[in-house]
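K.L.:
Please find coords-v5.txt (compact mmCIF, C-alpha atoms and all ligand atoms) on the next line:
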```
# COMPACT_ATOMS: atom_id res chain seq x y z
CA MET A 47 19.17 -23.52 18.78
CA GLY A 48 18.08 -20.06 19.80
CA ASN A 49 15.71 -17.15 19.49
CA PHE A 50 15.07 -15.29 16.26
CA VAL A 51 16.37 -11.73 16.26
CA TRP A 52 14.80 -9.24 13.87
CA SER A 53 15.67 -5.58 13.44
CA GLY A 54 17.88 -5.88 16.51
CA CYS A 55 15.20 -7.37 18.79
CA ASP A 56 14.61 -10.84 20.16
CA VAL A 57 11.06 -11.27 18.89
CA THR A 58 10.17 -13.95 21.46
CA GLU A 59 10.81 -11.29 24.11
CA LEU A 60 8.60 -8.88 22.16
CA ALA A 61 5.82 -11.47 22.14
CA ASN A 62 6.18 -11.99 25.88
CA ARG A 63 6.26 -8.26 26.59
CA PHE A 64 3.53 -6.99 24.22
CA GLY A 65 1.39 -10.11 23.73
CA THR A 66 0.28 -11.78 20.52
CA PRO A 67 -0.91 -11.54 17.84
CA LEU A 68 1.47 -8.64 17.36
CA TYR A 69 2.41 -6.57 14.34
CA VAL A 70 6.08 -5.65 14.55
CA MET A 71 7.40 -2.95 12.23
CA SER A 72 10.98 -1.82 11.69
CA GLU A 73 11.31 1.95 11.40
CA ASP A 74 14.90 1.44 10.20
CA GLU A 75 13.71 -0.72 7.32
CA ILE A 76 10.87 1.66 6.42
CA THR A 77 13.26 4.60 6.41
CA SER A 78 15.81 2.77 4.32
CA ARG A 79 13.14 1.77 1.78
CA ILE A 80 11.81 5.32 1.52
CA ARG A 81 15.36 6.55 0.97
CA THR A 82 15.97 3.89 -1.69
CA ILE A 83 12.99 5.14 -3.70
CA LYS A 84 13.91 8.76 -3.20
CA ALA A 85 17.49 8.11 -4.29
CA CYS A 86 16.41 6.55 -7.58
CA PHE A 87 13.54 8.94 -8.23
CA ASP A 88 13.08 12.20 -6.29
CA ASP A 89 16.79 12.96 -5.96
CA ARG A 90 17.86 11.65 -9.35
CA TYR A 91 15.45 13.43 -11.67
CA GLU A 92 14.01 16.91 -11.61
CA ARG A 93 10.43 17.45 -10.42
CA CYS A 94 9.82 13.90 -9.23
CA SER A 95 8.13 13.05 -5.97
CA THR A 96 7.09 10.01 -4.00
CA TYR A 97 3.72 9.73 -2.27
CA PHE A 98 3.33 6.82 0.14
CA ALA A 99 0.13 4.81 -0.44
CA SER A 100 -1.29 5.03 3.06
CA LYS A 101 -3.80 2.26 2.36
CA SER A 102 -0.92 -0.18 2.81
CA PHE A 103 -0.15 0.90 6.41
CA LEU A 104 -1.26 4.01 8.24
CA THR A 105 -0.56 4.99 11.82
CA ARG A 106 0.51 8.21 13.50
CA ASP A 107 4.06 6.86 13.72
CA MET A 108 4.07 6.15 9.99
CA LEU A 109 2.96 9.72 9.29
CA ARG A 110 5.76 11.02 11.54
CA ILE A 111 8.30 9.01 9.55
CA LEU A 112 6.90 10.25 6.22
CA MET A 113 6.98 13.88 7.37
CA ARG A 114 10.54 13.52 8.62
CA GLU A 115 11.59 11.99 5.28
CA GLY A 116 9.71 14.63 3.23
CA THR A 117 7.48 12.07 1.52
CA GLY A 118 3.99 12.82 0.19
CA LEU A 119 0.85 10.90 1.09
CA ASP A 120 -1.74 9.13 -1.03
CA VAL A 121 -5.08 8.87 0.79
CA VAL A 122 -8.25 7.15 -0.42
CA SER A 123 -10.80 7.93 2.25
CA GLY A 124 -12.02 10.47 4.73
CA GLY A 125 -10.54 8.26 7.47
CA GLU A 126 -7.03 8.29 6.04
CA LEU A 127 -7.34 12.03 5.48
CA TYR A 128 -8.61 12.49 9.04
CA LEU A 129 -5.46 11.00 10.55
CA ALA A 130 -3.21 12.98 8.20
CA ARG A 131 -5.02 16.14 9.21
CA ALA A 132 -4.85 15.28 12.89
CA MET A 133 -1.08 14.97 12.49
CA ASP A 134 -0.77 18.25 10.52
CA PHE A 135 0.52 16.42 7.48
CA PRO A 136 1.30 19.15 4.91
CA PRO A 137 -1.90 19.37 2.81
CA ASP A 138 -0.06 20.29 -0.38
CA MET A 139 1.70 16.92 -0.14
CA ILE A 140 -1.55 14.93 -0.08
CA MET A 141 -3.00 13.24 -3.15
CA PHE A 142 -6.65 12.30 -2.65
CA HIS A 143 -7.48 9.08 -4.53
CA GLY A 144 -10.51 6.79 -4.49
CA ASN A 145 -12.90 5.58 -7.14
CA SER A 146 -16.04 6.45 -5.18
CA LYS A 147 -15.34 9.42 -2.96
CA THR A 148 -18.38 10.67 -1.11
CA ALA A 149 -19.36 14.34 -1.25
CA SER A 150 -18.45 14.57 2.41
CA GLU A 151 -14.96 13.18 1.75
CA ILE A 152 -14.48 15.62 -1.13
CA GLY A 153 -15.60 18.42 1.20
CA ASP A 154 -13.01 17.33 3.77
CA GLY A 155 -10.31 17.32 1.09
CA LEU A 156 -11.28 20.80 -0.11
CA ASP A 157 -11.45 22.14 3.44
CA TYR A 158 -7.95 20.83 4.13
CA HIS A 159 -6.73 22.19 0.74
CA VAL A 160 -5.19 18.87 -0.33
CA GLY A 161 -2.63 19.27 -3.08
CA CYS A 162 -4.51 17.23 -5.66
CA PHE A 163 -7.56 15.07 -6.24
CA VAL A 164 -7.27 12.06 -8.52
CA CYS A 165 -10.65 11.78 -10.29
CA ASP A 166 -12.02 8.47 -11.38
CA SER A 167 -14.83 9.87 -13.53
CA VAL A 168 -16.01 13.04 -15.26
CA GLU A 169 -18.94 13.16 -12.86
CA GLU A 170 -16.56 13.31 -9.90
CA MET A 171 -14.47 15.99 -11.57
CA LEU A 172 -17.58 18.15 -12.06
CA LEU A 173 -18.63 17.59 -8.45
CA ILE A 174 -15.24 18.67 -7.14
CA ASP A 175 -15.37 21.75 -9.35
CA ARG A 176 -18.85 22.66 -8.10
CA MET A 177 -18.01 22.06 -4.46
CA ALA A 178 -14.78 24.07 -4.77
CA GLY A 179 -16.83 26.94 -6.24
CA LEU A 180 -19.26 26.87 -3.33
CA ARG A 181 -16.33 27.13 -0.93
CA SER A 182 -14.50 29.75 -3.03
CA VAL A 183 -11.39 27.57 -3.13
CA SER A 184 -9.48 26.04 -6.01
CA ALA A 185 -8.50 22.40 -6.50
CA ASN A 186 -5.97 20.57 -8.62
CA ILE A 187 -7.15 17.50 -10.45
CA LEU A 188 -5.60 14.52 -12.19
CA LEU A 189 -7.71 12.16 -14.25
CA ARG A 190 -7.18 8.48 -13.57
CA VAL A 191 -6.99 6.70 -16.91
CA THR A 192 -7.19 2.99 -17.67
CA PRO A 193 -4.37 2.00 -20.03
CA GLY A 194 -6.00 -1.34 -20.84
CA VAL A 195 -2.95 -3.41 -19.87
CA GLU A 196 -3.70 -6.72 -18.20
CA GLY A 197 -1.52 -7.04 -15.10
CA HIS A 198 0.63 -10.10 -14.44
CA THR A 199 -0.59 -10.35 -10.88
CA HIS A 200 -3.61 -11.63 -8.97
CA LYS A 201 -6.80 -10.41 -10.69
CA TYR A 202 -8.01 -8.71 -7.50
CA ILE A 203 -4.93 -6.49 -7.42
CA ALA A 204 -4.69 -5.79 -11.17
CA THR A 205 -6.35 -2.46 -11.85
CA ALA A 206 -5.53 -1.26 -15.34
CA GLY A 207 -7.08 -3.83 -17.67
CA PHE A 208 -9.99 -3.28 -20.07
CA GLY A 209 -13.28 -3.06 -18.22
CA SER A 210 -11.60 -2.22 -14.90
CA LYS A 211 -13.76 -0.44 -12.34
CA PHE A 212 -10.92 2.08 -11.99
CA GLY A 213 -10.31 5.07 -14.17
CA ILE A 214 -11.51 6.48 -17.46
CA PRO A 215 -11.19 4.29 -20.55
CA LEU A 216 -8.77 5.64 -23.14
CA GLU A 217 -11.42 6.32 -25.77
CA MET A 218 -13.26 8.62 -23.35
CA VAL A 219 -10.27 10.64 -22.24
CA ASN A 220 -10.42 13.33 -24.98
CA ASP A 221 -13.97 14.26 -23.96
CA ALA A 222 -13.03 14.24 -20.29
CA VAL A 223 -10.06 16.53 -20.95
CA SER A 224 -12.18 18.94 -23.02
CA ILE A 225 -14.58 19.21 -20.09
CA GLY A 226 -11.74 19.48 -17.60
CA MET A 227 -10.13 22.34 -19.51
CA LYS A 228 -13.26 24.45 -19.08
CA LEU A 229 -13.71 24.07 -15.33
CA GLY A 230 -13.93 27.29 -13.34
CA ASN A 231 -12.67 26.25 -9.91
CA ALA A 232 -10.71 23.06 -10.45
CA SER A 233 -7.60 22.96 -12.54
CA LEU A 234 -6.90 19.85 -14.56
CA ARG A 235 -3.17 19.18 -14.21
CA GLY A 236 -2.71 15.81 -15.89
CA PHE A 237 -3.14 12.08 -15.52
CA HIS A 238 -2.76 9.16 -13.19
CA PHE A 239 -2.49 5.44 -13.89
CA HIS A 240 -1.84 2.50 -11.59
CA VAL A 241 -1.29 -0.95 -13.07
CA GLY A 242 -1.99 -2.82 -9.84
CA SER A 243 0.05 -4.32 -7.05
CA GLN A 244 2.84 -6.83 -6.47
CA PHE A 245 4.50 -6.81 -9.91
CA MET A 246 7.72 -8.77 -10.24
CA ASP A 247 9.00 -6.96 -13.34
CA ASN A 248 8.46 -3.67 -15.10
CA SER A 249 6.80 -4.89 -18.30
CA CYS A 250 3.23 -3.85 -17.38
CA HIS A 251 4.42 -0.51 -16.02
CA ILE A 252 6.35 0.27 -19.20
CA ALA A 253 3.54 -0.91 -21.49
CA SER A 254 1.04 1.25 -19.59
CA LEU A 255 3.35 4.24 -19.56
CA GLU A 256 3.85 4.02 -23.34
CA ILE A 257 0.08 4.06 -23.79
CA VAL A 258 -0.40 7.01 -21.43
CA LEU A 259 2.41 8.94 -23.12
CA GLY A 260 0.62 8.37 -26.43
CA LEU A 261 -2.45 9.83 -24.81
CA ILE A 262 -0.52 12.82 -23.49
CA SER A 263 0.76 13.54 -26.96
CA ARG A 264 -2.72 13.07 -28.45
CA VAL A 265 -4.44 15.54 -26.13
CA TYR A 266 -1.56 17.97 -26.61
CA GLY A 267 -1.86 17.79 -30.40
CA GLU A 268 -5.65 17.66 -30.63
CA LEU A 269 -6.75 19.82 -27.71
CA GLY A 270 -3.65 21.82 -26.84
CA PHE A 271 -3.74 20.30 -23.32
CA VAL A 272 -0.38 20.41 -21.56
CA THR A 273 0.08 17.66 -18.97
CA SER A 274 1.87 19.25 -16.05
CA THR A 275 1.73 16.20 -13.72
CA LEU A 276 1.85 12.50 -14.46
CA ASP A 277 1.29 10.09 -11.56
CA MET A 278 2.58 6.63 -12.44
CA GLY A 279 1.10 4.77 -9.44
CA GLY A 280 2.80 2.10 -7.37
CA GLY A 281 2.86 -1.67 -7.64
CA PHE A 282 6.55 -2.55 -7.13
CA GLY A 283 6.70 -6.12 -5.90
CA VAL A 284 8.36 -7.62 -2.83
CA ALA A 285 9.47 -11.17 -2.03
CA TYR A 286 7.00 -12.88 0.29
CA VAL A 287 8.62 -16.26 -0.24
CA ASP A 288 12.04 -17.26 -1.57
CA SER A 289 10.67 -18.27 -4.96
CA GLU A 290 9.58 -14.69 -5.64
CA GLN A 291 12.34 -12.59 -7.12
CA PRO A 292 11.11 -9.07 -7.83
CA GLN A 293 13.27 -6.78 -9.94
CA PRO A 294 14.90 -4.04 -7.86
CA VAL A 295 12.75 -0.94 -7.56
CA ASP A 296 15.08 1.23 -9.63
CA SER A 297 14.58 -1.08 -12.57
CA PHE A 298 10.91 -0.10 -12.48
CA ILE A 299 11.37 3.59 -11.85
CA CYS A 300 14.46 4.54 -13.85
CA PRO A 301 13.31 3.20 -17.24
CA MET A 302 9.94 4.84 -16.70
CA THR A 303 11.45 8.21 -15.92
CA GLU A 304 13.88 7.93 -18.81
CA LEU A 305 11.05 6.97 -21.15
CA VAL A 306 9.12 10.11 -20.19
CA GLU A 307 12.18 12.31 -20.74
CA ARG A 308 12.96 10.77 -24.13
CA PHE A 309 9.37 10.84 -25.30
CA CYS A 310 8.82 14.46 -24.34
CA SER A 311 12.06 15.69 -25.82
CA ASP A 312 11.56 13.71 -29.08
CA LEU A 313 8.06 15.13 -29.53
CA GLY A 314 8.81 18.59 -28.20
CA ILE A 315 6.20 18.23 -25.45
CA PRO A 316 6.81 19.89 -22.06
CA ARG A 317 7.93 17.22 -19.59
CA PRO A 318 5.43 16.76 -16.74
CA SER A 319 6.33 16.51 -13.07
CA LEU A 320 6.34 12.84 -12.14
CA VAL A 321 4.84 11.11 -9.16
CA THR A 322 5.10 7.55 -7.92
CA GLU A 323 3.04 6.15 -5.05
CA PRO A 324 4.41 2.93 -3.64
CA GLY A 325 2.92 1.24 -0.60
CA ARG A 326 3.90 -2.41 -0.42
CA PHE A 327 7.54 -1.80 -1.40
CA ILE A 328 8.03 0.62 1.50
CA VAL A 329 6.32 -1.29 4.32
CA GLY A 330 5.82 -4.92 3.21
CA PRO A 331 9.21 -6.37 4.18
CA ALA A 332 9.43 -3.91 7.09
CA GLY A 333 6.89 -5.88 9.10
CA ILE A 334 6.41 -9.29 10.68
CA THR A 335 3.49 -10.70 12.66
CA LEU A 336 3.96 -12.76 15.82
CA TYR A 337 1.50 -15.40 16.92
CA THR A 338 1.34 -17.88 19.76
CA ALA A 339 0.73 -21.48 18.78
CA GLY A 340 -2.39 -23.05 20.24
CA SER A 341 -3.88 -26.33 19.25
CA VAL A 342 -1.61 -28.74 17.34
CA LYS A 343 -3.18 -31.74 15.67
CA ASP A 344 -2.33 -34.40 13.11
CA VAL A 345 -5.07 -35.06 10.61
CA PRO A 346 -4.64 -38.30 8.64
CA GLY A 347 -4.14 -37.51 4.98
CA ALA A 348 -3.81 -33.77 5.61
CA GLY A 349 -0.75 -33.41 7.85
CA THR A 350 -0.11 -31.36 10.95
CA TYR A 351 -2.28 -28.34 11.64
CA VAL A 352 -0.99 -25.71 14.04
CA GLY A 353 -3.65 -23.24 15.11
CA VAL A 354 -2.54 -19.75 16.14
CA ASP A 355 -4.18 -16.93 18.08
CA GLY A 356 -4.76 -14.81 14.97
CA GLY A 357 -5.35 -15.36 11.27
CA TYR A 358 -7.99 -13.91 8.98
CA PRO A 359 -8.77 -10.88 11.17
CA ASP A 360 -5.15 -9.69 11.17
CA ASN A 361 -4.27 -11.02 7.71
CA PRO A 362 -7.11 -11.54 5.25
CA ARG A 363 -4.74 -11.61 2.27
CA THR A 364 -4.32 -15.38 2.24
CA ALA A 365 -8.07 -15.92 1.98
CA LEU A 366 -8.59 -13.01 -0.43
CA TYR A 367 -5.74 -13.53 -2.86
CA GLY A 368 -4.21 -16.84 -1.94
CA ALA A 369 -1.19 -14.81 -0.78
CA LYS A 370 1.91 -16.82 0.15
CA TYR A 371 4.01 -16.23 3.27
CA ASP A 372 7.11 -17.59 4.93
CA ALA A 373 7.38 -18.18 8.68
CA LEU A 374 9.64 -19.49 11.42
CA VAL A 375 9.37 -20.58 15.01
CA ALA A 376 10.93 -17.66 16.84
CA ASN A 377 11.81 -19.52 20.07
CA LYS A 378 13.20 -22.53 18.17
CA TYR A 379 15.12 -20.68 15.51
CA GLY A 380 17.43 -23.01 13.60
CA ASP A 381 16.10 -26.10 15.41
CA GLY A 382 15.53 -29.39 13.63
CA PRO A 383 14.35 -31.80 12.48
CA LEU A 384 11.81 -30.05 10.29
CA LYS A 385 8.24 -31.20 9.92
CA ARG A 386 5.72 -30.37 7.23
CA THR A 387 3.18 -28.11 8.93
CA THR A 388 0.14 -26.03 8.01
CA ILE A 389 -0.42 -22.89 10.06
CA VAL A 390 -4.07 -22.07 10.40
CA GLY A 391 -5.96 -19.10 11.77
CA LYS A 392 -8.59 -19.23 14.51
CA CYS A 393 -11.57 -18.06 12.46
CA CYS A 394 -14.58 -20.11 11.49
CA GLU A 395 -13.61 -20.13 7.82
CA SER A 396 -11.94 -23.05 6.05
CA GLY A 397 -10.05 -20.47 3.98
CA ASP A 398 -8.41 -19.05 7.12
CA ILE A 399 -5.07 -20.73 6.48
CA LEU A 400 -2.00 -18.59 6.96
CA ILE A 401 0.59 -20.94 5.43
CA ARG A 402 0.05 -24.32 3.88
CA ASP A 403 2.77 -27.00 3.98
CA ILE A 404 5.78 -25.23 5.38
CA ASN A 405 8.77 -27.01 6.92
CA LEU A 406 9.15 -25.98 10.55
CA PRO A 407 10.58 -27.48 13.74
CA GLU A 408 8.06 -29.48 15.80
CA ILE A 409 5.66 -26.92 17.28
CA ALA A 410 3.99 -27.13 20.69
CA ARG A 411 1.35 -24.92 22.30
CA GLY A 412 2.97 -21.68 23.48
CA ASP A 413 5.65 -21.50 20.77
CA ILE A 414 5.99 -18.14 19.00
CA ILE A 415 5.52 -18.16 15.25
CA ALA A 416 6.79 -15.21 13.22
CA VAL A 417 5.23 -14.69 9.78
CA LYS A 418 7.47 -12.57 7.58
CA CYS A 419 6.75 -9.69 5.20
CA THR A 420 3.42 -8.67 6.73
CA GLY A 421 4.01 -4.92 6.87
CA ALA A 422 1.72 -4.03 3.96
CA TYR A 423 -2.04 -4.52 3.78
CA ASN A 424 -2.21 -6.56 6.99
CA TYR A 425 -2.75 -4.05 9.80
CA SER A 426 -4.61 -1.83 7.34
CA MET A 427 -6.94 -4.66 6.26
CA SER A 428 -7.49 -6.03 9.74
CA SER A 429 -11.01 -6.57 11.03
CA ASN A 430 -12.88 -7.70 14.12
CA TYR A 431 -14.22 -10.83 12.44
CA ASN A 432 -15.35 -13.39 15.03
CA LYS A 433 -14.95 -10.44 17.41
CA ASN A 434 -11.19 -10.71 17.63
CA PRO A 435 -9.57 -7.46 18.79
CA ILE A 436 -7.11 -5.77 16.41
CA PRO A 437 -3.53 -6.54 17.50
CA ALA A 438 -1.08 -3.97 18.77
CA VAL A 439 1.65 -2.51 16.55
CA VAL A 440 5.19 -2.26 17.87
CA MET A 441 7.72 -0.10 16.04
CA ILE A 442 11.45 -0.82 16.36
CA LYS A 443 14.08 1.85 15.86
CA ASP A 444 17.80 1.29 16.50
CA GLY A 445 16.98 -1.99 18.22
CA GLN A 446 14.54 -0.30 20.63
CA PRO A 447 10.89 -1.37 20.47
CA ARG A 448 8.08 1.05 21.31
CA LEU A 449 4.33 0.55 21.40
CA SER A 450 2.99 2.34 18.35
CA VAL A 451 -0.66 1.28 18.38
CA ARG A 452 -2.08 -0.30 21.51
CA ARG A 453 -3.99 -3.56 21.32
CA GLN A 454 -7.72 -3.09 20.95
CA SER A 455 -9.55 -4.16 24.10
CA TYR A 456 -12.94 -5.86 24.14
CA GLU A 457 -14.33 -2.55 25.44
CA ASP A 458 -12.79 -0.67 22.46
CA MET A 459 -14.27 -3.22 20.12
CA PHE A 460 -17.80 -2.68 21.36
CA SER A 461 -17.50 1.00 22.23
CA ALA A 462 -19.61 2.18 19.28
CA ASP A 463 -22.30 -0.43 19.86
CA ILE A 464 -25.33 1.27 21.44
C1 LIG B 1 -4.06 4.09 -6.90
C2 LIG B 1 -3.07 3.31 -6.14
N1 LIG B 1 -1.84 3.80 -5.99
C3 LIG B 1 -0.88 3.13 -5.30
C4 LIG B 1 -1.16 1.91 -4.74
C5 LIG B 1 -0.06 1.20 -4.00
O1 LIG B 1 0.25 0.01 -4.59
P1 LIG B 1 1.46 -0.86 -4.00
O2 LIG B 1 1.21 -1.03 -2.57
O3 LIG B 1 1.42 -2.12 -4.74
O4 LIG B 1 2.70 -0.09 -4.28
C6 LIG B 1 -2.42 1.34 -4.87
C7 LIG B 1 -2.72 0.02 -4.31
O5 LIG B 1 -3.35 -0.81 -4.86
C8 LIG B 1 -3.42 2.07 -5.60
O6 LIG B 1 -4.64 1.58 -5.75
```
Will you turn the file into structure tokens for me?
Ligand SMILES: Cc1ncc(COP(=O)(O)O)c(C=O)c1O

P.N.:
Amino acid sequence: MGNFVWSGCDVTELANRFGTPLYVMSEDEITSRIRTIKACFDDRYERCSTYFASKSFLTRDMLRILMREGTGLDVVSGGELYLARAMDFPPDMIMFHGNSKTASEIGDGLDYHVGCFVCDSVEEMLLIDRMAGLRSVSANILLRVTPGVEGHTHKYIATAGFGSKFGIPLEMVNDAVSIGMKLGNASLRGFHFHVGSQFMDNSCHIASLEIVLGLISRVYGELGFVTSTLDMGGGFGVAYVDSEQPQPVDSFICPMTELVERFCSDLGIPRPSLVTEPGRFIVGPAGITLYTAGSVKDVPGAGTYVGVDGGYPDNPRTALYGAKYDALVANKYGDGPLKRTTIVGKCCESGDILIRDINLPEIARGDIIAVKCTGAYNYSMSSNYNKNPIPAVVMIKDGQPRLSVRRQSYEDMFSADI
């Protein structure tokens, strides 16, 4: 019937102009999602701020958008910090995460005077303190704690259960705080928790927050430690397929903020500044990936397989987590009749299946397939597996596409190989 138009652009034309596979991001959608979070958090309550989880999608253009919108940045590696620094991202608005930061990464963070380090262990806290002393600088620290709440999400993206590799178990927090209160160069400001990713409702967030508030009151009563900052992580879910119906983001954030206010005023505890650090919510639905169909074959007993020119290297989430996606044929949008089809990637892995059993118009080699909701953890998790170059990223603003990250060439791919 026609061509699919997304964020004001005919995406078949984008595929023809920029090639495939192609990540397409909508700056308008990203901006609107940042503003939605800010409206229900930063602007609604005092001393609340949003830090974008750059692990979900990081490019120079993304940093420009974040700076324009006055949003903070959560980084987890020297590489993420490097780009932020190269773009003069305000250091005081950077939160340095990571459960296994190297000494060199910590050094980079101290040299750039990042606003805060989130420590995953006492050992790391002591290292930061020592390294800050050697540089005659100070550092702010939050301790990442593990609330012990099992997340209702895929086990690889649940991070706050008992025995998690992340954070400090609750029973060890008092000792960690006692040590933190005596540091000479680093200043312990409070706590961080993150329940995991892609949550459909707020129950795990609220349960974790209640536990962490109990902890805040315990260390206040027993050690006299005043929590000045509480980082409540990210994890707000998005709809990858129609059957997923996440609660709106304000129904995560508002009850959490109100719970903190009530708890602190009931117990007479000073209310901490609050931080949230969403990634997927901001960029997930703001991106699609375009592919060109290649080989189409009917396999008796299995159905129709359509191979595309990408797959695992540009989207490992299906193989890693069994992630579900929705797709359409961009140059046959609205066409019928529909046929049960499985869209497979081009890698030598049986698990490289982008979408199993989806109803799509009959596909032929050369058709353009658009997979929806690929803005988060796709470009950022991409790899050169099977020596496939990393696709380009196109950013659309006001219906105008611009090349944001150029396609990796074969030369780029091998440029570090001596
Ligand atoms: C510590 C931390 N904060 C924030 C996030 C962002 O999570 P999401 O993209 O689900 O909002 C993550 C991602 O797993 C994380 O590990």

K.L.:
Which is closest to ligand LIG 1 (chain B) among A:Leu109, A:Ile415, A:Ile214, A:Ala422, if we use all atoms listed in the file?

P.N.:
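So, comparing all the options, the nearest one is A:Ala422.
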
K.L.:
Work out how far CA of Glu115 (chain A) is from CA of Ser72 (chain A), in Å to one decimal.

P.N.:
15.2 Å

K.L.:
Measuring atom to atom with all atoms listed in the file, identify which of A:Phe142, A:Tyr69, A:Phe50, A:Tyr456 is nearest to Asp360 (chain A).

P.N.:
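That would be A:Tyr69, the residue with the smallest distance to Asp360 (chain A).
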
K.L.:
Could you tell me how far CA of Val417 (chain A) sits from CA of Asp403 (chain A), in Å to one decimal place?

P.N.:
13.8 Å

K.L.:
Quick one: residues within 6 Å of region 382-393 of chain A, only C-alpha atoms counted, chain neighbours fewer than 5 positions away excluded, as a list in words?

P.N.:
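Using only C-alpha atoms, the neighbours found are Thr350, Tyr351, Val352, Gly353, Val354, Gly356, Gly357, Asp398, Ile399, Leu400, Ile401, Arg402, Asp403, Ile404, Asn405, Leu406 and Pro407 of chain A.
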
K.L.:
Distance limit 6 Å, reference ligand LIG 1 (chain B), atoms considered: all atoms listed in the file. Which residues make the cut? Give them as a PyMOL selection string.

P.N.:
chain A and resi 99+102+240+242-244+279-282+323-327

K.L.:
From the list A:Glu73, A:Asp120, A:Glu59, A:Asp89, which residue is nearest Met441 (chain A) when using only C-alpha atoms?

P.N.:
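Using only C-alpha atoms, Met441 (chain A) sits closest to A:Glu73.
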
K.L.:
Which residues are near region 449-455 of chain A? Cut-off 7 Å, only C-alpha atoms, ignore same chain within fewer than 2 positions. Put them as a ChimeraX atom specification.

P.N.:
/A:107,435-441,447,457-459

K.L.:
Would you kindly return, as a list in words, each protein, DNA or RNA residue with an atom no farther than 7 Å from any atom of Gly161 (chain A), considering only C-alpha atoms and excluding same-chain residues fewer than 6 positions away?

P.N.:
Pro137, Asp138, Met139, Ile140, Met141 and Asn186 of chain A

K.L.:
Just how far from CA of Trp52 (chain A) is CA of Val70 (chain A), in Å to one decimal?

P.N.:
9.5 Å

K.L.:
Which polymer residues have any atom within 7 Å of an atom of Gly213 (chain A), counting only C-alpha atoms, with same-chain residues fewer than 3 positions away left out, as number ranges by chain?

P.N.:
A: 166-167, 190-192

K.L.:
Keeping only C-alpha atoms, write the selected residues to a file as a JSON list (two decimals), in the coordinates of the input.

P.N.:
```
[["chain", "number", "residue", "atom", "x", "y", "z"],
["A", 166, "ASP", "CA", -12.02, 8.47, -11.38],
["A", 167, "SER", "CA", -14.83, 9.87, -13.53],
["A", 190, "ARG", "CA", -7.18, 8.48, -13.57],
["A", 191, "VAL", "CA", -6.99, 6.70, -16.91],
["A", 192, "THR", "CA", -7.19, 2.99, -17.67]]
```

K.L.:
Using all atoms listed in the file, which residue out of A:Val160, A:Val51, A:Met246, A:Val195 lies closest to Ser289 (chain A)?

P.N.:
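Closest to Ser289 (chain A) of all the choices is A:Met246.
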
K.L.:
Could you name the residues that touch region 151-155 of chain A at 8 Å or less, counting all atoms listed in the file, but leaving out those on the same chain fewer than 2 positions away, as a list in words?

P.N.:
Ser123, Gly124, Leu127, Phe142, Lys147, Thr148, Ala149, Asp157, Tyr158, His159, Val160, Ile174 and Met177 of chain A

K.L.:
Name the closest residue to Ala132 (chain A) among the candidates A:Leu259, A:Thr105, A:Gly230, A:Arg363; distances are taken between atoms, counting all atoms listed in the file.

P.N.:
A:Thr105

K.L.:
Select, from A:Met227, A:Cys300, A:Ile442, A:Ile252, the residue with the minimum atom-to-atom distance to Gly270 (chain A), counting all atoms listed in the file.

P.N.:
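Comparing A:Met227, A:Cys300, A:Ile442, A:Ile252 against Gly270 (chain A), the winner is A:Met227.
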